[in-house]
Amino acid sequence: MPDLRKQFFSTLLGLARKDKKIVLFTDDLGYSFYEQFQQELPRQFVNSGIMEQATTGIVAGLALGGMKPYFYGGAIFVLMRNYEQVREDIAYNNINVKICGTKASGFLGMSHNMNPGNE
């Protein structure tokens, strides 16, 4: 299966160049993929670190204020561990936030893998 992260960031960078309301948040994941975005559009990039639940509240607030946030990180963190915040802050409010989850590269332990038995 091809790794689509390079294409994702290239496409997002193209969109963000044209639309200053697009902002990319990451939970400290994606090294070697988002650097061009970060260097070219530093005012539209935030590495919020390992605080997915708080970041969900931040991107929800930005969306309510008219921004177009993308939240990129490991699916297990931005979706599964963060489910209640996604439901309460984003889904119930029906707001424009894109959550982009990726799988872990290799086996990084039970807490980092969606399907730890099949890596």
# chains A, B, ... in the order shown; residues from 1 in each chain; ligands from 1
>>> select_by_dssp(residues="chain A", states="alpha helix (DSSP H)", output="PyMOL selection string")
chain A and resi 5-18+35-40+52-64+75+83-85
>>> select_by_dssp(residues="chain A", states="strand (DSSP E)", output="JSON, numbers by chain")
{"A": [22, 23, 24, 25, 26, 45, 46, 47, 68, 69, 70, 71, 72, 73, 74, 98, 99, 100, 101, 102]}
>>> closest_residue(among="A:Glu84, A:Glu35, A:Asp19, A:Asp3", to="A:Glu52", atoms="only C-alpha atoms")
A:Glu84
>>> closest_residue(among="A:Leu15, A:Val97, A:Ala54, A:Leu29", to="A:Tyr70", atoms="only C-alpha atoms")
A:Val97
>>> residues_around(residues="stretch 72-77 of chain A", least_positions_apart="2", cutoff="6 Å", atoms="only C-alpha atoms", output="list in words")
Thr26, Asp27, Leu29, Leu79, Met80, Arg81, Cys100, Gly101, Thr102, Lys103 and Met114 of chain A
>>> atom_distance(atom1="atom CA of A:Phe45", atom2="atom CA of A:Gly14")
13.8 Å
>>> residues_around(residues="stretch 86-91 of chain A", least_positions_apart="6", cutoff="12 Å", atoms="only C-alpha atoms", output="PyMOL selection string")
chain A and resi 52-64+69+71+77-80+97-99
>>> write_last_selection(atoms="C-alpha atoms", output="PDB file, in the first residue's frame")
ATOM      1  CA  GLU A  52      -4.799  16.054  21.452  1.00  0.00           C
ATOM      2  CA  GLN A  53      -7.831  16.736  23.641  1.00  0.00           C
ATOM      3  CA  ALA A  54      -6.884  20.363  24.214  1.00  0.00           C
ATOM      4  CA  THR A  55      -5.941  20.781  20.548  1.00  0.00           C
ATOM      5  CA  THR A  56      -9.408  19.600  19.564  1.00  0.00           C
ATOM      6  CA  GLY A  57     -10.888  22.427  21.615  1.00  0.00           C
ATOM      7  CA  ILE A  58      -8.474  24.896  20.030  1.00  0.00           C
ATOM      8  CA  VAL A  59      -9.260  23.861  16.443  1.00  0.00           C
ATOM      9  CA  ALA A  60     -12.999  23.852  17.236  1.00  0.00           C
ATOM     10  CA  GLY A  61     -12.733  27.415  18.524  1.00  0.00           C
ATOM     11  CA  LEU A  62     -10.765  28.491  15.462  1.00  0.00           C
ATOM     12  CA  ALA A  63     -13.403  26.944  13.196  1.00  0.00           C
ATOM     13  CA  LEU A  64     -16.174  28.725  15.067  1.00  0.00           C
ATOM     14  CA  PRO A  69      -8.230  24.005  10.701  1.00  0.00           C
ATOM     15  CA  PHE A  71      -5.683  18.414  12.690  1.00  0.00           C
ATOM     16  CA  PHE A  77      -4.668   9.718  19.289  1.00  0.00           C
ATOM     17  CA  VAL A  78      -6.660  12.239  17.213  1.00  0.00           C
ATOM     18  CA  LEU A  79      -9.691   9.930  16.956  1.00  0.00           C
ATOM     19  CA  MET A  80      -9.792   7.072  19.451  1.00  0.00           C
ATOM     20  CA  VAL A  97     -12.574  20.895  11.080  1.00  0.00           C
ATOM     21  CA  LYS A  98     -10.700  18.224   9.151  1.00  0.00           C
ATOM     22  CA  ILE A  99      -9.186  15.460  11.265  1.00  0.00           C
TER      23      ILE A  99
END
